$ cat input09.csv   # CSV, C-alpha atoms and all ligand atoms
chain,number,residue,atom,x,y,z
A,1,MET,CA,-62.5,-110.1,0.1
A,2,THR,CA,-64.7,-109.6,-3.0
A,3,GLN,CA,-66.8,-107.1,-1.1
A,4,LYS,CA,-63.6,-105.2,-0.1
A,5,ILE,CA,-62.6,-104.9,-3.8
A,6,ARG,CA,-66.1,-103.7,-4.7
A,7,LEU,CA,-66.0,-101.0,-2.0
A,8,ILE,CA,-62.6,-99.8,-3.2
A,9,SER,CA,-63.9,-99.6,-6.8
A,10,ILE,CA,-66.9,-97.5,-5.6
A,11,ALA,CA,-64.6,-95.2,-3.7
A,12,ILE,CA,-62.4,-94.7,-6.7
A,13,ALA,CA,-65.4,-94.0,-8.9
A,14,LEU,CA,-66.7,-91.4,-6.4
A,15,LEU,CA,-63.3,-89.8,-6.1
A,16,SER,CA,-63.0,-89.4,-9.9
A,17,MET,CA,-66.5,-87.8,-10.1
A,18,VAL,CA,-65.4,-85.3,-7.5
A,19,ALA,CA,-62.2,-84.5,-9.5
A,20,CYS,CA,-64.3,-84.2,-12.7
A,21,THR,CA,-66.7,-81.7,-11.1
A,22,ASN,CA,-63.9,-79.6,-9.8
A,23,THR,CA,-62.1,-79.3,-13.1
A,24,ASN,CA,-65.4,-78.6,-14.8
A,25,SER,CA,-66.2,-75.6,-12.6
A,26,SER,CA,-62.7,-74.0,-12.8
A,27,SER,CA,-62.5,-74.4,-16.6
A,28,GLU,CA,-66.0,-72.9,-17.0
A,29,LYS,CA,-64.7,-69.8,-15.4
A,30,ALA,CA,-61.9,-69.6,-17.9
A,31,ASN,CA,-64.0,-70.4,-20.9
A,32,GLU,CA,-67.8,-70.8,-20.6
A,33,GLN,CA,-68.1,-72.7,-23.9
A,34,GLU,CA,-65.6,-75.3,-22.9
A,35,THR,CA,-66.5,-78.2,-20.6
A,36,CYS,CA,-63.4,-80.2,-19.8
A,37,CYS,CA,-62.6,-83.0,-17.5
A,38,ASP,CA,-59.4,-84.6,-16.2
A,39,LYS,CA,-59.4,-88.2,-17.3
A,40,ASP,CA,-56.2,-90.2,-16.4
A,41,GLY,CA,-54.4,-86.9,-15.9
A,42,LYS,CA,-55.2,-85.8,-19.5
A,43,LYS,CA,-57.5,-82.9,-20.3
A,44,GLU,CA,-60.3,-83.8,-22.6
A,45,CYS,CA,-63.2,-81.7,-23.9
A,46,ASN,CA,-66.7,-82.8,-24.3
A,47,LYS,CA,-67.0,-80.8,-27.5
A,48,GLY,CA,-64.6,-82.5,-29.9
A,49,SER,CA,-60.9,-83.3,-29.3
A,50,LYS,CA,-58.3,-81.6,-27.2
A,51,LYS,CA,-57.0,-79.9,-30.3
A,52,ASP,CA,-60.3,-78.1,-30.9
A,53,CYS,CA,-60.3,-77.1,-27.3
A,54,ASP,CA,-56.9,-75.4,-27.6
A,55,LYS,CA,-57.9,-73.7,-30.8
A,56,GLU,CA,-60.9,-72.2,-29.1
A,57,LYS,CA,-58.8,-70.9,-26.4
A,58,ALA,CA,-56.3,-69.3,-28.7
A,59,CYS,CA,-59.1,-67.6,-30.7
A,60,ASP,CA,-60.6,-66.3,-27.5
A,61,SER,CA,-57.4,-64.4,-26.6
A,62,LYS,CA,-58.2,-60.8,-27.1
A,63,LYS,CA,-54.7,-59.5,-27.5
A,64,SER,CA,-53.3,-61.9,-30.1
A,65,CYS,CA,-54.2,-65.0,-32.1
A,66,ASP,CA,-50.7,-66.3,-32.2
A,67,LYS,CA,-49.2,-69.7,-31.8
A,68,ASP,CA,-50.4,-72.9,-33.5
A,69,SER,CA,-53.9,-72.0,-34.7
A,70,LYS,CA,-52.8,-68.8,-36.4
A,71,LYS,CA,-54.8,-69.5,-39.7
A,72,ASP,CA,-58.0,-70.4,-38.0
A,73,CYS,CA,-58.0,-67.3,-35.9
A,74,GLU,CA,-57.0,-64.9,-38.7
A,75,LYS,CA,-60.7,-64.2,-39.5
A,76,SER,CA,-61.7,-63.2,-35.9
A,77,CYS,CA,-58.5,-61.3,-35.3
A,78,LYS,CA,-58.9,-59.3,-38.5
A,79,LYS,CA,-62.4,-58.4,-37.5
A,80,ASP,CA,-61.1,-57.1,-34.2
A,81,SER,CA,-58.0,-55.3,-35.4
A,82,LYS,CA,-59.7,-52.0,-35.4
A,83,LYS,CA,-60.5,-52.4,-31.8
A,84,VAL,CA,-56.9,-53.3,-30.8
A,85,SER,CA,-55.4,-50.4,-29.0
A,86,TRP,CA,-51.8,-49.4,-29.9
A,87,SER,CA,-49.7,-46.5,-29.0
A,88,HIS,CA,-46.5,-44.7,-30.0
A,89,GLN,CA,-45.2,-44.8,-26.4
A,90,SER,CA,-42.8,-47.6,-25.4
A,91,GLY,CA,-44.5,-50.4,-23.4
A,92,GLU,CA,-47.1,-53.1,-23.8
A,93,THR,CA,-48.9,-51.5,-26.7
A,94,GLY,CA,-45.8,-49.6,-28.0
A,95,PRO,CA,-44.0,-49.9,-31.3
A,96,GLU,CA,-41.7,-52.8,-30.1
A,97,ASN,CA,-44.9,-54.9,-29.5
A,98,TRP,CA,-47.2,-53.9,-32.4
A,99,ALA,CA,-46.6,-57.1,-34.3
A,100,LYS,CA,-47.8,-59.2,-31.3
A,101,LEU,CA,-51.0,-57.2,-30.7
A,102,CYS,CA,-52.9,-58.8,-33.5
A,103,ASP,CA,-52.3,-61.2,-36.4
A,104,SER,CA,-53.1,-58.6,-39.0
A,105,PHE,CA,-50.3,-56.4,-37.5
A,106,SER,CA,-47.7,-59.1,-38.2
A,107,ASP,CA,-46.1,-56.9,-41.0
A,108,CYS,CA,-44.9,-54.6,-38.2
A,109,ALA,CA,-42.1,-57.2,-37.7
A,110,GLY,CA,-41.4,-57.4,-41.4
A,111,LYS,CA,-38.1,-56.7,-43.2
A,112,VAL,CA,-39.1,-53.7,-45.3
A,113,GLN,CA,-40.5,-51.4,-42.6
A,114,SER,CA,-40.7,-47.6,-42.3
A,115,PRO,CA,-39.5,-45.1,-41.2
A,116,ILE,CA,-35.8,-45.3,-41.8
A,117,ASN,CA,-32.7,-43.2,-41.3
A,118,ILE,CA,-31.6,-41.8,-44.7
A,119,GLU,CA,-27.9,-41.4,-45.1
A,120,SER,CA,-27.6,-38.7,-47.8
A,121,GLY,CA,-24.1,-39.8,-48.7
A,122,ASN,CA,-25.3,-43.4,-49.3
A,123,ALA,CA,-28.2,-42.5,-51.5
A,124,THR,CA,-27.6,-43.4,-55.2
A,125,VAL,CA,-28.6,-40.6,-57.6
A,126,THR,CA,-30.6,-42.5,-60.2
A,127,ALA,CA,-31.1,-40.7,-63.5
A,128,SER,CA,-34.0,-42.9,-64.5
A,129,LEU,CA,-36.2,-42.0,-61.5
A,130,PRO,CA,-39.3,-40.1,-62.6
A,131,ALA,CA,-40.3,-36.6,-61.5
A,132,LEU,CA,-43.3,-36.3,-59.2
A,133,LYS,CA,-46.0,-34.7,-61.4
A,134,PHE,CA,-48.6,-33.2,-59.2
A,135,SER,CA,-52.1,-32.3,-60.3
A,136,TYR,CA,-53.4,-30.9,-57.0
A,137,GLY,CA,-56.3,-28.6,-56.9
A,138,THR,CA,-58.3,-27.5,-53.9
A,139,SER,CA,-60.2,-29.4,-51.2
A,140,LYS,CA,-62.6,-28.7,-48.5
A,141,VAL,CA,-61.3,-29.1,-45.0
A,142,ASN,CA,-62.1,-32.1,-42.8
A,143,ILE,CA,-59.7,-32.3,-40.0
A,144,VAL,CA,-59.7,-35.4,-37.7
A,145,ASN,CA,-57.7,-36.1,-34.6
A,146,ASN,CA,-57.9,-39.9,-34.6
A,147,GLY,CA,-55.9,-40.3,-31.3
A,148,HIS,CA,-52.7,-41.0,-33.2
A,149,THR,CA,-52.3,-38.0,-35.5
A,150,VAL,CA,-54.1,-34.9,-36.9
A,151,GLN,CA,-55.3,-35.8,-40.4
A,152,PHE,CA,-56.7,-33.7,-43.2
A,153,ASN,CA,-59.1,-35.9,-45.2
A,154,ILE,CA,-59.4,-35.0,-48.9
A,155,ASP,CA,-62.9,-35.1,-50.2
A,156,ASN,CA,-62.0,-34.3,-53.8
A,157,PRO,CA,-60.8,-37.3,-55.9
A,158,ASN,CA,-59.2,-35.0,-58.5
A,159,ASN,CA,-56.0,-34.5,-56.5
A,160,ASN,CA,-53.4,-36.8,-57.9
A,161,VAL,CA,-49.7,-37.3,-58.5
A,162,MET,CA,-48.3,-39.1,-61.5
A,163,ILE,CA,-45.2,-41.1,-60.9
A,164,GLY,CA,-43.8,-42.7,-64.0
A,165,ASP,CA,-46.8,-44.2,-65.8
A,166,LYS,CA,-48.9,-44.7,-62.6
A,167,ASN,CA,-51.5,-42.4,-61.2
A,168,TYR,CA,-51.9,-42.1,-57.4
A,169,GLN,CA,-54.9,-40.4,-55.8
A,170,LEU,CA,-54.4,-38.3,-52.7
A,171,LEU,CA,-56.5,-39.6,-49.8
A,172,GLN,CA,-55.3,-37.6,-46.8
A,173,PHE,CA,-52.3,-36.0,-45.2
A,174,HIS,CA,-51.3,-36.0,-41.6
A,175,TYR,CA,-48.4,-35.1,-39.3
A,176,HIS,CA,-45.8,-36.6,-37.0
A,177,ALA,CA,-43.8,-34.8,-34.3
A,178,LEU,CA,-40.9,-35.4,-34.1
A,179,SER,CA,-40.2,-36.4,-37.7
A,180,GLU,CA,-40.4,-40.2,-38.4
A,181,HIS,CA,-37.6,-40.3,-41.0
A,182,THR,CA,-34.3,-39.0,-39.9
A,183,ILE,CA,-31.7,-37.6,-42.3
A,184,ASN,CA,-28.1,-38.4,-41.4
A,185,GLY,CA,-29.4,-39.4,-38.0
A,186,LYS,CA,-31.2,-36.1,-37.4
A,187,HIS,CA,-34.8,-35.7,-36.5
A,188,PHE,CA,-36.8,-32.7,-37.7
A,189,PRO,CA,-39.4,-31.1,-35.4
A,190,LEU,CA,-42.3,-32.1,-37.7
A,191,GLU,CA,-43.0,-34.3,-40.7
A,192,VAL,CA,-46.1,-34.3,-43.0
A,193,HIS,CA,-47.2,-37.4,-44.9
A,194,PHE,CA,-49.3,-37.1,-48.1
A,195,VAL,CA,-50.9,-40.5,-48.6
A,196,HIS,CA,-51.7,-41.5,-52.2
A,197,LYS,CA,-53.2,-44.7,-53.5
A,198,HIS,CA,-52.9,-46.5,-56.8
A,199,SER,CA,-54.3,-49.8,-55.6
A,200,ASP,CA,-54.7,-51.8,-52.4
A,201,SER,CA,-51.1,-53.0,-52.7
A,202,ASP,CA,-49.6,-49.9,-54.2
A,203,PHE,CA,-49.4,-46.6,-52.2
A,204,ALA,CA,-47.1,-43.6,-52.6
A,205,VAL,CA,-46.5,-41.5,-49.5
A,206,ILE,CA,-44.7,-38.2,-49.9
A,207,GLY,CA,-43.0,-37.1,-46.7
A,208,VAL,CA,-41.9,-33.5,-46.1
A,209,MET,CA,-39.8,-32.2,-43.2
A,210,PHE,CA,-40.5,-29.0,-41.3
A,211,GLU,CA,-37.8,-26.7,-40.0
A,212,GLU,CA,-38.2,-23.8,-37.5
A,213,GLY,CA,-38.5,-20.5,-39.4
A,214,LYS,CA,-41.3,-18.4,-40.9
A,215,GLU,CA,-44.9,-18.9,-39.8
A,216,ASN,CA,-46.7,-21.6,-41.8
A,217,ALA,CA,-49.9,-20.3,-43.5
A,218,LEU,CA,-51.9,-23.5,-43.2
A,219,LEU,CA,-51.1,-23.9,-39.5
A,220,LYS,CA,-51.9,-20.2,-39.0
A,221,GLN,CA,-55.4,-20.8,-40.4
A,222,TYR,CA,-56.2,-24.1,-38.7
A,223,LEU,CA,-54.0,-24.9,-35.7
A,224,LYS,CA,-56.4,-23.2,-33.3
A,225,ASP,CA,-59.1,-25.5,-34.5
A,226,PHE,CA,-57.2,-28.8,-34.4
A,227,PRO,CA,-59.0,-31.1,-32.0
A,228,LYS,CA,-56.8,-31.5,-28.9
A,229,GLU,CA,-58.2,-35.0,-28.3
A,230,LYS,CA,-60.0,-37.5,-30.6
A,231,GLY,CA,-62.5,-35.5,-32.6
A,232,THR,CA,-63.3,-33.8,-35.9
A,233,PHE,CA,-63.2,-30.3,-37.2
A,234,GLY,CA,-65.0,-29.5,-40.5
A,235,ALA,CA,-65.2,-26.2,-42.4
A,236,ASP,CA,-66.7,-25.1,-45.7
A,237,LYS,CA,-63.5,-23.3,-46.7
A,238,THR,CA,-61.3,-24.8,-49.4
A,239,PHE,CA,-57.5,-24.4,-49.6
A,240,GLY,CA,-54.9,-25.0,-52.2
A,241,LEU,CA,-53.0,-28.3,-51.7
A,242,LEU,CA,-50.0,-27.5,-53.9
A,243,LYS,CA,-49.0,-24.7,-51.6
A,244,GLN,CA,-48.5,-27.3,-48.9
A,245,LEU,CA,-45.4,-28.6,-50.7
A,246,PRO,CA,-41.9,-27.0,-51.2
A,247,GLU,CA,-41.3,-25.7,-54.7
A,248,ASN,CA,-38.4,-28.0,-55.4
A,249,LYS,CA,-39.5,-31.6,-55.5
A,250,SER,CA,-36.2,-33.4,-55.3
A,251,TYR,CA,-36.6,-36.6,-53.3
A,252,TYR,CA,-35.2,-39.7,-51.6
A,253,HIS,CA,-37.0,-42.9,-52.7
A,254,TYR,CA,-37.1,-46.4,-51.1
A,255,ASN,CA,-39.7,-49.2,-50.6
A,256,GLY,CA,-41.2,-49.5,-47.2
A,257,SER,CA,-44.4,-49.7,-45.2
A,258,LEU,CA,-47.1,-47.7,-43.4
A,259,THR,CA,-45.5,-46.4,-40.2
A,260,THR,CA,-48.5,-47.3,-38.0
A,261,PRO,CA,-50.3,-50.7,-37.6
A,262,PRO,CA,-51.0,-52.7,-39.6
A,263,CYS,CA,-47.6,-51.6,-41.0
A,264,SER,CA,-48.5,-53.0,-44.5
A,265,GLU,CA,-45.5,-53.2,-46.7
A,266,VAL,CA,-47.1,-51.5,-49.7
A,267,VAL,CA,-45.6,-48.1,-49.7
A,268,ASN,CA,-43.3,-46.3,-52.3
A,269,TRP,CA,-41.7,-43.7,-50.1
A,270,TYR,CA,-40.7,-40.3,-51.5
A,271,VAL,CA,-39.1,-38.1,-48.8
A,272,LEU,CA,-38.5,-34.6,-50.2
A,273,ASN,CA,-35.1,-33.1,-49.4
A,274,HIS,CA,-36.4,-29.6,-49.4
A,275,THR,CA,-38.2,-28.5,-46.2
A,276,LEU,CA,-41.2,-26.4,-45.2
A,277,GLU,CA,-41.1,-23.9,-42.4
A,278,ALA,CA,-43.2,-23.2,-39.3
A,279,SER,CA,-42.6,-20.8,-36.5
A,280,LYS,CA,-41.2,-21.9,-33.1
A,281,GLU,CA,-44.6,-21.2,-31.5
A,282,GLN,CA,-46.5,-23.2,-34.1
A,283,LEU,CA,-44.2,-26.2,-33.8
A,284,ALA,CA,-44.5,-26.1,-30.0
A,285,ALA,CA,-48.3,-25.9,-30.0
A,286,PHE,CA,-48.7,-28.6,-32.6
A,287,SER,CA,-46.2,-31.0,-30.9
A,288,LYS,CA,-48.3,-30.7,-27.7
A,289,ILE,CA,-51.3,-32.1,-29.6
A,290,LEU,CA,-49.3,-34.8,-31.4
A,291,HIS,CA,-47.7,-36.3,-28.3
A,292,ASN,CA,-44.5,-37.7,-29.8
A,293,ASN,CA,-46.4,-39.7,-32.4
A,294,TYR,CA,-43.4,-41.0,-34.3
A,295,ARG,CA,-42.2,-44.6,-34.8
A,296,PRO,CA,-38.5,-45.2,-34.2
A,297,VAL,CA,-36.5,-45.8,-37.4
A,298,MET,CA,-36.4,-49.4,-38.7
A,299,PRO,CA,-33.4,-51.3,-40.1
A,300,LEU,CA,-32.7,-51.0,-43.8
A,301,ASN,CA,-32.1,-54.7,-44.3
A,302,GLY,CA,-30.2,-54.2,-47.5
A,303,ARG,CA,-32.7,-51.9,-49.1
A,304,LYS,CA,-31.3,-49.1,-51.4
A,305,VAL,CA,-32.2,-45.5,-51.0
A,306,GLU,CA,-32.2,-43.7,-54.3
A,307,ALA,CA,-32.2,-39.9,-54.9
A,308,TYR,CA,-33.8,-37.8,-57.6
A,309,ILE,CA,-32.5,-34.3,-58.1
A,310,GLN,CA,-34.8,-31.7,-59.6
A,311,LYS,CA,-32.8,-29.0,-61.4
A,401,ZN,ZN,-47.5,-40.9,-41.3

$ encode --input "input09.csv" --output "structure tokens"
Amino acid sequence: MTQKIRLISIAIALLSMVACTNTNSSSEKANEQETCCDKDGKKECNKGSKKDCDKEKACDSKKSCDKDSKKDCEKSCKKDSKKVSWSHQSGETGPENWAKLCDSFSDCAGKVQSPINIESGNATVTASLPALKFSYGTSKVNIVNNGHTVQFNIDNPNNNVMIGDKNYQLLQFHYHALSEHTINGKHFPLEVHFVHKHSDSDFAVIGVMFEEGKENALLKQYLKDFPKEKGTFGADKTFGLLKQLPENKSYYHYNGSLTTPPCSEVVNWYVLNHTLEASKEQLAAFSKILHNNYRPVMPLNGRKVEAYIQK
């Protein structure tokens, strides 16, 4: 009888060893650093507790560091955010999923996002809003197609706009087709964004719509050189920046965000209500390069849109 019990105990011990080995090999496939074993039906890790094991797993996920261990993963995710691929086309990496692609993209699901639809009838004309005081000069051309837009990088730090008592330095301008903002529900064929920075948490972006009309001088000069795919075009020529804006600088203003990941909610938006022109052919050729790179409009969530009228 005693020997029988001993034999059964040995058999149980052998069986549990087999179970352990099996679990080990399958979990190693999933995560080489993790050596886990089923004990009494519960998963345990050799390296620390179960909790640590879960954390490691969450951090290893390439697409997102979501769920419980958000804070612990923030560092690794931030590091990787530049490698996270996103797109303007609806789908797994599209605008509806940007916030899930990486922790540092979480603002994309925020409450003060851009672009928006501007209802001109609902915009409050505010007498106290400041005029946009441009001190733009010239800049050498450095045109980049970064896979999401065509961007003109500004190499001269002396291009600024004064808004109230704050100075914002022009960093770059880039294009979206169709327009990102809509006015009274209507898209324009093209929108340019002049991106200015006051501090890391204070940007001013000036948006200007294009309408079909006369040939645009800047596009005439450079459209043929725009990189069709990711790439850079540099030239030694300089061009006047102020000519790239309409004469009348009346604007709609609201607080919002960058319209691409990480969608940081740090932008004072100034959407001019006077437009620029480009020819039908120019708009068609440029749109082909930009591949519908516009984010759908986001909810206002109670934000006010104000209007400044330049007389
Ligand atoms: Zn933009």

$ residues_near_ligand --input "input09.csv" --ligand "ligand ZN 401 (chain A)" --cutoff "12 Å" --atoms "all atoms listed in the file" --output "number ranges by chain"
A: 88, 114-115, 148-152, 172-181, 190-196, 204-209, 257-261, 263, 267, 269, 271, 290, 293-295

$ atom_distance --input "input09.csv" --atom1 "CA of Gly256 (chain A)" --atom2 "CA of Ile116 (chain A)"
8.7 Å

$ atom_distance --input "input09.csv" --atom1 "CA of Gln282 (chain A)" --atom2 "CA of Leu223 (chain A)"
7.9 Å

$ atom_distance --input "input09.csv" --atom1 "CA of Glu306 (chain A)" --atom2 "CA of Ala131 (chain A)"
13.0 Å

$ closest_residue --input "input09.csv" --among "A:Tyr251, A:Asn97, A:Ser279, A:Leu171" --to "Lys214 (chain A)" --atoms "only C-alpha atoms"
A:Ser279
